[in-house]
Each structure stands twice: as C-alpha cells, then as structure tokens.
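Heads up, run-v3.cif below (mmCIF, C-alpha atoms):
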data_coords
loop_
_atom_site.group_PDB
_atom_site.id
_atom_site.type_symbol
_atom_site.label_atom_id
_atom_site.label_comp_id
_atom_site.auth_asym_id
_atom_site.auth_seq_id
_atom_site.Cartn_x
_atom_site.Cartn_y
_atom_site.Cartn_z
ATOM 1 C CA MET A 257 -14.757 10.313 -22.674
ATOM 2 C CA ILE A 258 -10.964 10.031 -22.905
ATOM 3 C CA ARG A 259 -10.559 13.224 -20.869
ATOM 4 C CA LYS A 260 -12.950 11.948 -18.195
ATOM 5 C CA THR A 261 -11.071 8.644 -18.013
ATOM 6 C CA ARG A 262 -7.811 10.495 -17.515
ATOM 7 C CA ILE A 263 -9.361 12.513 -14.700
ATOM 8 C CA PHE A 264 -10.544 9.337 -12.954
ATOM 9 C CA LEU A 265 -7.116 7.722 -13.351
ATOM 10 C CA GLU A 266 -5.505 10.837 -11.920
ATOM 11 C CA MET A 267 -7.996 10.879 -9.047
ATOM 12 C CA ILE A 268 -7.156 7.332 -7.958
ATOM 13 C CA LYS A 269 -3.429 7.754 -8.714
ATOM 14 C CA PHE A 270 -3.459 4.591 -10.812
ATOM 15 C CA GLU A 271 0.314 4.708 -11.186
ATOM 16 C CA HIS A 272 0.648 4.155 -7.417
ATOM 17 C CA THR A 273 -0.646 0.622 -7.916
ATOM 18 C CA ILE A 274 3.048 -0.215 -8.228
ATOM 19 C CA PHE A 275 3.269 0.057 -4.430
ATOM 20 C CA ALA A 276 0.833 -2.769 -3.634
ATOM 21 C CA LEU A 277 0.367 -4.960 -6.723
ATOM 22 C CA PRO A 278 3.918 -6.390 -6.735
ATOM 23 C CA PHE A 279 3.407 -7.480 -3.121
ATOM 24 C CA ALA A 280 0.100 -9.121 -4.070
ATOM 25 C CA PHE A 281 2.102 -11.198 -6.547
ATOM 26 C CA VAL A 282 4.717 -11.928 -3.878
ATOM 27 C CA GLY A 283 1.972 -13.230 -1.589
ATOM 28 C CA ALA A 284 0.479 -15.361 -4.352
ATOM 29 C CA ILE A 285 3.790 -16.894 -5.447
ATOM 30 C CA LEU A 286 5.146 -17.416 -1.933
ATOM 31 C CA GLY A 287 1.874 -18.934 -0.722
ATOM 32 C CA ALA A 288 1.508 -21.298 -3.664
ATOM 33 C CA VAL A 289 5.090 -22.561 -3.467
ATOM 34 C CA SER A 290 5.277 -22.752 0.344
ATOM 35 C CA MET A 291 1.932 -24.423 0.994
ATOM 36 C CA GLN A 292 1.173 -26.314 -2.209
ATOM 37 C CA ASP A 293 4.518 -26.685 -4.007
ATOM 38 C CA ARG A 294 3.128 -25.183 -7.192
ATOM 39 C CA LEU A 295 2.931 -21.878 -9.010
ATOM 40 C CA PRO A 296 -0.197 -19.714 -9.244
ATOM 41 C CA SER A 297 -2.230 -20.351 -12.378
ATOM 42 C CA TRP A 298 -2.714 -17.601 -14.945
ATOM 43 C CA ALA A 299 -6.410 -17.557 -14.052
ATOM 44 C CA GLU A 300 -5.590 -16.924 -10.390
ATOM 45 C CA ILE A 301 -3.169 -14.154 -11.337
ATOM 46 C CA GLY A 302 -5.825 -12.561 -13.547
ATOM 47 C CA TRP A 303 -8.467 -12.564 -10.799
ATOM 48 C CA ILE A 304 -5.949 -11.199 -8.314
ATOM 49 C CA VAL A 305 -5.188 -8.300 -10.658
ATOM 50 C CA LEU A 306 -8.889 -7.527 -11.125
ATOM 51 C CA ALA A 307 -9.538 -7.752 -7.381
ATOM 52 C CA MET A 308 -6.626 -5.395 -6.741
ATOM 53 C CA ILE A 309 -7.872 -2.891 -9.307
ATOM 54 C CA GLY A 310 -11.343 -2.989 -7.778
ATOM 55 C CA ALA A 311 -10.138 -2.685 -4.184
ATOM 56 C CA ARG A 312 -7.664 0.104 -4.785
ATOM 57 C CA SER A 313 -10.011 2.080 -7.049
ATOM 58 C CA ALA A 314 -12.793 1.847 -4.463
ATOM 59 C CA ALA A 315 -10.436 2.886 -1.663
ATOM 60 C CA MET A 316 -9.076 5.902 -3.515
ATOM 61 C CA GLY A 317 -12.524 6.957 -4.675
ATOM 62 C CA LEU A 318 -13.804 6.749 -1.101
ATOM 63 C CA ASN A 319 -10.826 8.695 0.195
ATOM 64 C CA ARG A 320 -11.344 11.507 -2.323
ATOM 65 C CA LEU A 321 -15.098 11.615 -1.689
ATOM 66 C CA ILE A 322 -14.838 11.557 2.113
ATOM 67 C CA ASP A 323 -12.003 14.117 2.156
ATOM 68 C CA LYS A 324 -13.527 16.474 -0.422
ATOM 69 C CA ALA A 325 -14.054 19.337 2.033
ATOM 70 C CA ILE A 326 -10.644 18.879 3.648
ATOM 71 C CA ASP A 327 -8.900 18.739 0.264
ATOM 72 C CA LEU A 328 -10.590 21.998 -0.714
ATOM 73 C CA ARG A 329 -9.039 23.775 2.284
ATOM 74 C CA ASN A 330 -5.553 22.323 1.755
ATOM 75 C CA PRO A 331 -3.425 24.290 -0.767
ATOM 76 C CA ARG A 332 -1.611 21.046 -1.676
ATOM 77 C CA THR A 333 -4.814 19.192 -2.603
ATOM 78 C CA GLU A 334 -7.270 21.895 -3.681
ATOM 79 C CA GLY A 335 -6.545 21.075 -7.324
ATOM 80 C CA ARG A 336 -7.766 17.487 -7.042
ATOM 81 C CA ALA A 337 -10.668 16.480 -9.268
ATOM 82 C CA LEU A 338 -13.504 16.748 -6.715
ATOM 83 C CA PRO A 339 -12.614 20.028 -4.974
ATOM 84 C CA ALA A 340 -11.687 21.541 -8.348
ATOM 85 C CA GLY A 341 -15.087 20.568 -9.791
ATOM 86 C CA LEU A 342 -13.655 18.323 -12.506
ATOM 87 C CA LEU A 343 -15.764 15.426 -11.216
ATOM 88 C CA LYS A 344 -19.125 15.382 -9.445
ATOM 89 C CA SER A 345 -19.674 13.523 -6.187
ATOM 90 C CA GLY A 346 -22.348 11.370 -7.839
ATOM 91 C CA GLU A 347 -19.920 10.300 -10.561
ATOM 92 C CA VAL A 348 -17.328 9.278 -7.989
ATOM 93 C CA LEU A 349 -19.960 7.383 -5.972
ATOM 94 C CA LEU A 350 -20.943 5.359 -9.041
ATOM 95 C CA PHE A 351 -17.261 4.708 -9.688
ATOM 96 C CA ILE A 352 -16.860 3.404 -6.122
ATOM 97 C CA ILE A 353 -19.869 1.093 -6.462
ATOM 98 C CA ALA A 354 -18.544 -0.282 -9.759
ATOM 99 C CA SER A 355 -15.102 -0.806 -8.199
ATOM 100 C CA PHE A 356 -16.545 -2.733 -5.267
ATOM 101 C CA ALA A 357 -18.590 -4.822 -7.716
ATOM 102 C CA LEU A 358 -15.367 -5.737 -9.542
ATOM 103 C CA LEU A 359 -13.701 -6.665 -6.247
ATOM 104 C CA PHE A 360 -16.636 -8.868 -5.231
ATOM 105 C CA TYR A 361 -16.890 -10.574 -8.623
ATOM 106 C CA ALA A 362 -13.166 -11.353 -8.746
ATOM 107 C CA SER A 363 -13.166 -12.673 -5.165
ATOM 108 C CA PHE A 364 -16.060 -15.027 -5.897
ATOM 109 C CA GLN A 365 -13.980 -16.566 -8.702
ATOM 110 C CA LEU A 366 -11.242 -17.588 -6.255
ATOM 111 C CA ASN A 367 -12.136 -19.519 -3.108
ATOM 112 C CA THR A 368 -14.348 -19.568 -0.034
ATOM 113 C CA LEU A 369 -11.908 -17.830 2.305
ATOM 114 C CA ALA A 370 -11.472 -14.971 -0.159
ATOM 115 C CA VAL A 371 -15.240 -14.433 -0.036
ATOM 116 C CA ILE A 372 -15.411 -14.767 3.766
ATOM 117 C CA LEU A 373 -12.752 -12.070 4.189
ATOM 118 C CA LEU A 374 -14.561 -9.602 1.905
ATOM 119 C CA PRO A 375 -16.459 -7.818 4.724
ATOM 120 C CA LEU A 376 -13.186 -7.232 6.583
ATOM 121 C CA ALA A 377 -11.559 -5.883 3.439
ATOM 122 C CA VAL A 378 -14.476 -3.539 2.735
ATOM 123 C CA PHE A 379 -14.479 -2.319 6.352
ATOM 124 C CA MET A 380 -10.761 -1.497 6.194
ATOM 125 C CA LEU A 381 -11.112 0.229 2.840
ATOM 126 C CA VAL A 382 -13.897 2.435 4.198
ATOM 127 C CA ILE A 383 -12.672 3.187 7.721
ATOM 128 C CA TYR A 384 -9.195 4.397 6.780
ATOM 129 C CA SER A 385 -10.369 7.703 5.332
ATOM 130 C CA TYR A 386 -12.076 8.590 8.610
ATOM 131 C CA THR A 387 -9.199 7.726 10.945
ATOM 132 C CA LYS A 388 -7.331 11.011 10.539
ATOM 133 C CA ARG A 389 -10.329 12.634 12.223
ATOM 134 C CA PHE A 390 -9.832 10.806 15.519
ATOM 135 C CA THR A 391 -6.443 9.012 15.799
ATOM 136 C CA TRP A 392 -2.802 9.573 14.921
ATOM 137 C CA LEU A 393 -2.601 5.823 14.278
ATOM 138 C CA CYS A 394 -4.203 6.491 10.885
ATOM 139 C CA HIS A 395 -0.895 5.530 9.234
ATOM 140 C CA VAL A 396 -1.030 2.088 10.836
ATOM 141 C CA VAL A 397 -4.626 1.624 9.677
ATOM 142 C CA LEU A 398 -3.545 2.526 6.138
ATOM 143 C CA GLY A 399 -0.715 0.010 6.411
ATOM 144 C CA LEU A 400 -3.040 -2.728 7.576
ATOM 145 C CA THR A 401 -5.338 -1.879 4.663
ATOM 146 C CA ILE A 402 -2.753 -1.820 1.881
ATOM 147 C CA ALA A 403 -1.094 -4.955 3.276
ATOM 148 C CA LEU A 404 -4.297 -6.809 2.464
ATOM 149 C CA ALA A 405 -2.766 -6.977 -1.045
ATOM 150 C CA PRO A 406 -0.087 -9.598 -0.217
ATOM 151 C CA LEU A 407 -2.394 -11.335 2.247
ATOM 152 C CA GLY A 408 -5.133 -11.384 -0.384
ATOM 153 C CA GLY A 409 -2.717 -12.778 -2.964
ATOM 154 C CA TRP A 410 -1.759 -15.535 -0.526
ATOM 155 C CA VAL A 411 -5.398 -16.374 0.262
ATOM 156 C CA ALA A 412 -6.362 -16.270 -3.415
ATOM 157 C CA VAL A 413 -4.120 -19.203 -4.298
ATOM 158 C CA THR A 414 -4.095 -21.191 -1.034
ATOM 159 C CA GLY A 415 -7.509 -20.618 0.527
ATOM 160 C CA ALA A 416 -5.739 -20.473 3.903
ATOM 161 C CA VAL A 417 -3.673 -18.251 6.205
ATOM 162 C CA ASP A 418 -0.655 -19.287 8.279
ATOM 163 C CA TRP A 419 2.025 -17.547 10.328
ATOM 164 C CA THR A 420 4.207 -16.946 7.288
ATOM 165 C CA ALA A 421 1.346 -15.131 5.580
ATOM 166 C CA MET A 422 0.837 -13.008 8.697
ATOM 167 C CA ILE A 423 4.527 -12.098 8.867
ATOM 168 C CA LEU A 424 4.349 -10.935 5.249
ATOM 169 C CA TYR A 425 1.158 -9.011 6.063
ATOM 170 C CA VAL A 426 2.605 -7.235 9.099
ATOM 171 C CA SER A 427 5.901 -6.481 7.316
ATOM 172 C CA VAL A 428 4.158 -4.768 4.404
ATOM 173 C CA ALA A 429 1.777 -3.004 6.820
ATOM 174 C CA LEU A 430 4.696 -1.499 8.749
ATOM 175 C CA TRP A 431 6.473 -0.559 5.512
ATOM 176 C CA THR A 432 3.356 1.274 4.331
ATOM 177 C CA ALA A 433 2.791 2.972 7.685
ATOM 178 C CA GLY A 434 6.396 4.128 7.689
ATOM 179 C CA PHE A 435 6.318 5.735 4.277
ATOM 180 C CA ASP A 436 2.885 7.252 4.966
ATOM 181 C CA ILE A 437 4.351 8.981 8.020
ATOM 182 C CA ILE A 438 7.041 10.443 5.762
ATOM 183 C CA TYR A 439 4.406 11.548 3.235
ATOM 184 C CA ALA A 440 2.291 13.157 5.983
ATOM 185 C CA CYS A 441 5.178 15.405 7.001
ATOM 186 C CA GLN A 442 4.334 17.789 4.169
ATOM 187 C CA ASP A 443 0.895 18.434 5.740
ATOM 188 C CA PHE A 444 2.300 18.886 9.243
ATOM 189 C CA GLU A 445 1.192 22.514 9.657
ATOM 190 C CA PHE A 446 -2.144 22.077 7.872
ATOM 191 C CA ASP A 447 -3.078 19.048 9.994
ATOM 192 C CA ARG A 448 -2.383 20.948 13.207
ATOM 193 C CA LYS A 449 -4.363 23.941 12.001
ATOM 194 C CA GLU A 450 -7.343 21.758 11.018
ATOM 195 C CA ARG A 451 -6.982 19.568 14.141
ATOM 196 C CA LEU A 452 -6.493 16.485 12.008
ATOM 197 C CA HIS A 453 -4.607 13.571 13.479
ATOM 198 C CA SER A 454 -1.285 12.263 12.206
ATOM 199 C CA ILE A 455 2.000 11.220 13.761
ATOM 200 C CA PRO A 456 3.831 14.342 12.456
ATOM 201 C CA ALA A 457 1.062 16.598 13.796
ATOM 202 C CA ARG A 458 1.045 14.800 17.155
ATOM 203 C CA PHE A 459 4.754 14.301 17.789
ATOM 204 C CA GLY A 460 6.523 16.765 15.478
ATOM 205 C CA LEU A 461 8.649 16.122 12.418
ATOM 206 C CA SER A 462 11.785 14.816 14.133
ATOM 207 C CA ARG A 463 9.971 12.225 16.227
ATOM 208 C CA ALA A 464 7.711 11.288 13.330
ATOM 209 C CA LEU A 465 10.674 10.505 11.081
ATOM 210 C CA ALA A 466 12.276 8.540 13.927
ATOM 211 C CA MET A 467 9.082 6.488 14.283
ATOM 212 C CA ALA A 468 9.078 5.869 10.529
ATOM 213 C CA ARG A 469 12.621 4.526 10.836
ATOM 214 C CA VAL A 470 11.513 2.150 13.605
ATOM 215 C CA PHE A 471 8.615 0.912 11.467
ATOM 216 C CA HIS A 472 10.955 0.284 8.548
ATOM 217 C CA PHE A 473 13.481 -1.470 10.770
ATOM 218 C CA CYS A 474 10.681 -3.856 11.789
ATOM 219 C CA THR A 475 9.829 -4.292 8.102
ATOM 220 C CA GLY A 476 13.393 -5.390 7.471
ATOM 221 C CA VAL A 477 13.222 -7.883 10.349
ATOM 222 C CA GLY A 478 10.012 -9.296 8.873
ATOM 223 C CA PHE A 479 11.520 -9.690 5.408
ATOM 224 C CA ILE A 480 14.544 -11.448 6.929
ATOM 225 C CA ALA A 481 12.219 -13.780 8.857
ATOM 226 C CA LEU A 482 10.539 -14.764 5.577
ATOM 227 C CA TYR A 483 13.914 -15.898 4.260
ATOM 228 C CA TRP A 484 14.332 -18.323 7.168
ATOM 229 C CA LEU A 485 10.745 -19.560 7.279
ATOM 230 C CA THR A 486 10.257 -20.373 3.589
ATOM 231 C CA ASP A 487 12.012 -21.921 0.593
ATOM 232 C CA LEU A 488 13.396 -18.535 -0.420
ATOM 233 C CA GLY A 489 17.065 -18.708 -1.342
ATOM 234 C CA LEU A 490 20.065 -16.696 -2.462
ATOM 235 C CA SER A 491 18.228 -14.669 -5.104
ATOM 236 C CA TYR A 492 15.683 -13.412 -2.578
ATOM 237 C CA LEU A 493 18.505 -12.662 -0.138
ATOM 238 C CA ILE A 494 20.191 -10.452 -2.734
ATOM 239 C CA GLY A 495 16.923 -8.643 -3.376
ATOM 240 C CA LEU A 496 16.416 -8.295 0.363
ATOM 241 C CA LEU A 497 19.767 -6.569 0.744
ATOM 242 C CA VAL A 498 18.857 -4.160 -2.056
ATOM 243 C CA ALA A 499 15.473 -3.474 -0.418
ATOM 244 C CA LEU A 500 17.113 -2.780 2.943
ATOM 245 C CA PHE A 501 19.513 -0.346 1.268
ATOM 246 C CA ILE A 502 16.535 1.415 -0.351
ATOM 247 C CA LEU A 503 14.867 1.768 3.056
ATOM 248 C CA PHE A 504 18.077 3.197 4.501
ATOM 249 C CA TYR A 505 18.553 5.597 1.589
ATOM 250 C CA GLN A 506 14.908 6.712 1.763
ATOM 251 C CA HIS A 507 15.485 8.050 5.256
ATOM 252 C CA ARG A 508 18.641 9.844 4.156
ATOM 253 C CA LEU A 509 16.578 11.844 1.677
ATOM 254 C CA VAL A 510 14.175 13.385 4.183
ATOM 255 C CA LYS A 511 15.113 15.501 7.197
ATOM 256 C CA PRO A 512 12.953 17.514 9.615
ATOM 257 C CA ASP A 513 14.317 20.778 8.224
ATOM 258 C CA ASP A 514 14.477 19.664 4.585
ATOM 259 C CA LEU A 515 11.495 18.009 2.880
ATOM 260 C CA THR A 516 12.472 19.056 -0.649
ATOM 261 C CA ARG A 517 13.243 15.462 -1.680
ATOM 262 C CA LEU A 518 10.111 13.994 -0.128
ATOM 263 C CA ASP A 519 8.578 13.069 -3.496
ATOM 264 C CA THR A 520 11.687 11.095 -4.415
ATOM 265 C CA ALA A 521 11.638 9.339 -1.038
ATOM 266 C CA PHE A 522 7.934 8.544 -1.334
ATOM 267 C CA PHE A 523 7.248 7.797 -4.987
ATOM 268 C CA THR A 524 10.553 6.646 -6.480
ATOM 269 C CA MET A 525 11.975 4.726 -3.539
ATOM 270 C CA ASN A 526 8.768 2.910 -2.565
ATOM 271 C CA GLY A 527 7.905 1.927 -6.120
ATOM 272 C CA THR A 528 11.450 0.656 -6.602
ATOM 273 C CA LEU A 529 11.408 -1.334 -3.355
ATOM 274 C CA SER A 530 8.184 -3.181 -4.134
ATOM 275 C CA MET A 531 9.406 -4.076 -7.617
ATOM 276 C CA VAL A 532 12.779 -5.243 -6.278
ATOM 277 C CA VAL A 533 11.192 -7.574 -3.707
ATOM 278 C CA PHE A 534 8.803 -8.928 -6.336
ATOM 279 C CA PHE A 535 11.455 -9.431 -9.017
ATOM 280 C CA PHE A 536 13.899 -11.317 -6.774
ATOM 281 C CA THR A 537 11.095 -13.390 -5.239
ATOM 282 C CA LEU A 538 9.919 -14.250 -8.745
ATOM 283 C CA LEU A 539 13.459 -15.106 -9.814
ATOM 284 C CA ASP A 540 13.965 -17.275 -6.754
ATOM 285 C CA LEU A 541 10.688 -19.199 -6.624
ATOM 286 C CA VAL A 542 9.687 -19.299 -10.284
ATOM 287 C CA VAL A 543 12.858 -19.334 -12.381
ATOM 288 C CA LEU A 544 15.383 -20.978 -10.049
ATOM 289 C CA HIS A 545 12.812 -23.161 -8.244
ATOM 290 C CA THR A 546 11.575 -24.466 -11.597
ATOM 291 C CA TRP A 547 15.128 -25.339 -12.628
#

The structure given in the file should be rewritten as structure tokens.
Amino acid sequence: MIRKTRIFLEMIKFEHTIFALPFAFVGAILGAVSMQDRLPSWAEIGWIVLAMIGARSAAMGLNRLIDKAIDLRNPRTEGRALPAGLLKSGEVLLFIIASFALLFYASFQLNTLAVILLPLAVFMLVIYSYTKRFTWLCHVVLGLTIALAPLGGWVAVTGAVDWTAMILYVSVALWTAGFDIIYACQDFEFDRKERLHSIPARFGLSRALAMARVFHFCTGVGFIALYWLTDLGLSYLIGLLVALFILFYQHRLVKPDDLTRLDTAFFTMNGTLSMVVFFFTLLDLVVLHTW
C-alpha cells in the first residue's frame, strides 16, 4: 500500500504543487483584502487546499493516462508509472474520478460562483493533454489551466471576479506558459519526430527561448500592475524585485546550445519564485496590514 501510494505521488509529481498552490493563496489573500477588507478564514483556506489537490491530481492523472502511448515512445518518459507497467490504466482512471470528486466537494463548500465555474475548470483540465496533438499554443493552454489556481483562490473567498483578479490570472498564465516552453526544449527532437506540436518544435530552440522571455516580461508587467492597483506595499515590492531577478536568472541558465541546467531553471527557479511572491504578499497583507 505504501509503495503504491509512492508510485501515485510520483506519477502526479506531488512536489510540483509548489508551483501553483502558493499562487492560489496569493489570490485568496489579495482578493479578500482588496474586495472585502478581511483575511481568508481557515475554513476557506482548507477548502482551497483540498480543491487544489483534487484539481491538480486529476489533471496529472489525465495527462499520464492520455499520453501513455507517447510516453512509452519517449526515452525521457518511458520510465513513468503507466508506460513502465507500475500502474494499470484502470487504477489511474479511478484515481482521476476520486480526484474530481474531491474538487467538486470542496468547491460546493465555498460559494455559488466556484460551483458555476467548475465545468470550465474541468474542461481546461481535460483539454490541455490533447493540445500538443494539434497546436503549438499548448503551452498557453497549460498556463491558462494552471492559472486557475490564483483565480480559484480569489473566487473562493470573494465569490466574484474583477479586473485585478484577471490581471493576476493572466500574469500567472504567461509565467507558466513561459517556463513550459523552456521545459519543452528538452523534447524538441522527439516532438518533431512524432509530429507533436510545441513552440520549440515549431520555431526552433532560439526563437522558443526568446518567446519564453517575452512571456516572462509580460508576467513582470502584470505583477507590477498589481502593485499599483491594490493595497500592496513596500514588502510586496521587495518580493517583486526578487521575483523579477529570478525570472532574469532563469533565462541565463538555459541556452539553445546548452540545456544542461534546464532542471535548475525549471524546478528550482519556478518553485522559488512562487514561494517568494506568496511570502512577501503574505507579509504585506497579513502581517503588516494587520499591524
């Protein structure tokens, strides 16, 4: 049982939750303070966490199930649980159903808008895994999907959406799309061979990395806009400067002719950035705002 649990956790890359969950908290805190001049309750935070676990687990399970045949042909992914035979397709399907059930249950504990948006969330979670089969904009679709985390956190505590929420949503979407382009560079040759769609496969490594830089520049503009549009203060501004440096440094690590530090650029830098933005937002709106 313990071994099987470890395999499932490895399949869904549970540790990568650090990319999206901190931004879900940012959305919740920023929304509550900006629109209602309060902090999220512990109950709201708990349901947000459960909804995030359900959504991300369902998405990763779907991705592994849908891409099983592709993963088997890719030397980089042939060792994953499904192509390696460590899990059966039926087991993963049950896991996906249970994950969606958790997402639905948690959403129904929040508010009406959270429930209304469920079909859109489910559609995005499902469609992403198919996009690489027909469009190089798959990275943008992934971004729009993962960015439902901060938007969902905002909706969970406010029951509404405004322009500030949408700026946060688009900023995180572009950040995700940018780092997914970088990550896809390692499958550049395989994607072309298999006629799969990605920005690196379509435009080449140099142009792909340039496009990722543009996406991340727009992310920075969005984060700066949040500073001017909300009650965020000096603490957030300091965190913003650190986050912008991380984005800059991330692109220094990866070059078209040298992808050896791609894992550092993808895993370490992105996890650090999300935690930095969350920590300084928390410090600004919870600790300093309370004082």

Among the residues A:Val382, A:Ala403, A:Ala377, A:Val289, the one that comes closest to Met316 (chain A) [using only C-alpha atoms]: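 Closest candidate: A:Val382.
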
May I ask which of the residues A:Thr391, A:Thr414, A:Thr516, A:Asn367 is the closest one to Leu295 (chain A), counting only C-alpha atoms?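 So, comparing all the options, the nearest one is A:Thr414.
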
Selection in question (the file shown): the PyMOL selection byres ((chain A and resi 465) around 8). Which residues does it include, as a PDB file with C-alpha atoms, in the coordinates of the input?
ATOM      1  CA  ILE A 437       4.351   8.981   8.020  1.00  0.00           C
ATOM      2  CA  ILE A 438       7.041  10.443   5.762  1.00  0.00           C
ATOM      3  CA  PRO A 456       3.831  14.342  12.456  1.00  0.00           C
ATOM      4  CA  LEU A 461       8.649  16.122  12.418  1.00  0.00           C
ATOM      5  CA  SER A 462      11.785  14.816  14.133  1.00  0.00           C
ATOM      6  CA  ARG A 463       9.971  12.225  16.227  1.00  0.00           C
ATOM      7  CA  ALA A 464       7.711  11.288  13.330  1.00  0.00           C
ATOM      8  CA  ALA A 466      12.276   8.540  13.927  1.00  0.00           C
ATOM      9  CA  MET A 467       9.082   6.488  14.283  1.00  0.00           C
ATOM     10  CA  ALA A 468       9.078   5.869  10.529  1.00  0.00           C
ATOM     11  CA  ARG A 469      12.621   4.526  10.836  1.00  0.00           C
ATOM     12  CA  HIS A 507      15.485   8.050   5.256  1.00  0.00           C
ATOM     13  CA  LYS A 511      15.113  15.501   7.197  1.00  0.00           C
ATOM     14  CA  PRO A 512      12.953  17.514   9.615  1.00  0.00           C
TER      15      PRO A 512
END

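Here, the PyMOL selection byres ((chain A and resi 428-430) around 8) matches A:Val396, A:Leu398, A:Gly399, A:Leu400, A:Thr401, A:Ile402, A:Ala403, A:Pro406, A:Leu424, A:Tyr425, A:Val426, A:Ser427, A:Trp431, A:Thr432, A:Ala433, A:Gly434, A:Phe471, A:His472, A:Cys474, A:Thr475.
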
Give as a list in words the residues that the PyMOL selection byres ((chain A and resi 369-373) around 10) matches when applied to the coordinates above.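 After applying the PyMOL selection byres ((chain A and resi 369-373) around 10), what remains is Phe360, Tyr361, Ala362, Ser363, Phe364, Gln365, Leu366, Asn367, Thr368, Leu374, Pro375, Leu376, Ala377, Val378, Gly408, Gly409, Trp410, Val411, Ala412, Val413, Thr414, Gly415, Ala416 and Val417 of chain A.
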
How would the residues just picked look written out with C-alpha atoms as a tab-separated table (two decimals), in the coordinates of the input?
chain	number	residue	atom	x	y	z
A	360	PHE	CA	-16.64	-8.87	-5.23
A	361	TYR	CA	-16.89	-10.57	-8.62
A	362	ALA	CA	-13.17	-11.35	-8.75
A	363	SER	CA	-13.17	-12.67	-5.16
A	364	PHE	CA	-16.06	-15.03	-5.90
A	365	GLN	CA	-13.98	-16.57	-8.70
A	366	LEU	CA	-11.24	-17.59	-6.26
A	367	ASN	CA	-12.14	-19.52	-3.11
A	368	THR	CA	-14.35	-19.57	-0.03
A	374	LEU	CA	-14.56	-9.60	1.90
A	375	PRO	CA	-16.46	-7.82	4.72
A	376	LEU	CA	-13.19	-7.23	6.58
A	377	ALA	CA	-11.56	-5.88	3.44
A	378	VAL	CA	-14.48	-3.54	2.74
A	408	GLY	CA	-5.13	-11.38	-0.38
A	409	GLY	CA	-2.72	-12.78	-2.96
A	410	TRP	CA	-1.76	-15.54	-0.53
A	411	VAL	CA	-5.40	-16.37	0.26
A	412	ALA	CA	-6.36	-16.27	-3.42
A	413	VAL	CA	-4.12	-19.20	-4.30
A	414	THR	CA	-4.10	-21.19	-1.03
A	415	GLY	CA	-7.51	-20.62	0.53
A	416	ALA	CA	-5.74	-20.47	3.90
A	417	VAL	CA	-3.67	-18.25	6.20

Shortest contact to Phe473 (chain A), candidates A:Ile502, A:Leu490, A:Phe379, A:Ala284, atoms counted all atoms listed in the file, goes to A:Ile502

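Our summary of the geometry notes that CA of Lys449 (chain A) is positioned 15.4 Å from CA of Thr333 (chain A).
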
Leaving out region 526-538 of chain A and any residue of its chain fewer than 5 positions from it, which residues lie within 6 Å of it when counting all atoms listed in the file, given as number ranges by chain? A: 274-275, 278, 282, 491-492, 495, 499

Which residues come within 12 Å of Leu350 (chain A), counting only C-alpha atoms, excluding same-chain residues fewer than 3 positions away, as an NGL selection string? :A and (264 or 313-314 or 317-318 or 321 or 343-347 or 353-357)

Measuring between all atoms listed in the file, which one of A:Leu393, A:Val542, A:Ile352, A:Ala315 shows the shortest distance to Leu381 (chain A)?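 Of A:Leu393, A:Val542, A:Ile352, A:Ala315, the one nearest Leu381 (chain A), counting all atoms listed in the file, is A:Ala315.
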
Quick one: 8 Å padding each side, axis-aligned, all listed atoms of region 387-403 of chain A - centre and edge lengths in Å to one decimal, as AutoDock Vina command-line options?
--center_x -5.5 --center_y 3.8 --center_z 8.8 --size_x 25.6 --size_y 33.6 --size_z 29.9

Give the answer as one residue: which of A:Leu359, A:Val498, A:Ile285, A:Ala337 has the shortest atom-to-atom distance to Val543 (chain A), using all atoms listed in the file? A:Ile285

Which residue gives the smallest distance to Gly460 (chain A) among A:Trp419, A:Trp392, A:Phe504, A:Phe479, with only C-alpha atoms counted?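 Going through A:Trp419, A:Trp392, A:Phe504, A:Phe479 one by one, the smallest distance to Gly460 (chain A) is for A:Trp392.
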
To one decimal place, how far is CA of Lys260 (chain A) from CA of Arg336 (chain A) in Å?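 Between CA of Lys260 (chain A) and CA of Arg336 (chain A) the gap works out to 13.5 Å.
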
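The spacing separating CA of Met525 (chain A) from CA of Gln506 (chain A) amounts to 6.4 Å.
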
Show which residues sit within 12 Å of Pro339 (chain A), as an MDAnalysis selection string. Count all atoms listed in the file, and ignore same-chain residues fewer than 3 positions away. chainID A and resid 267 320:336 342:345

Near Ala457 (chain A), counting all atoms listed in the file, which residues have an atom at most 8 Å away, once you skip same-chain residues fewer than 5 positions from it, shown as a PyMOL selection string? chain A and resi 444-445+447-448+452
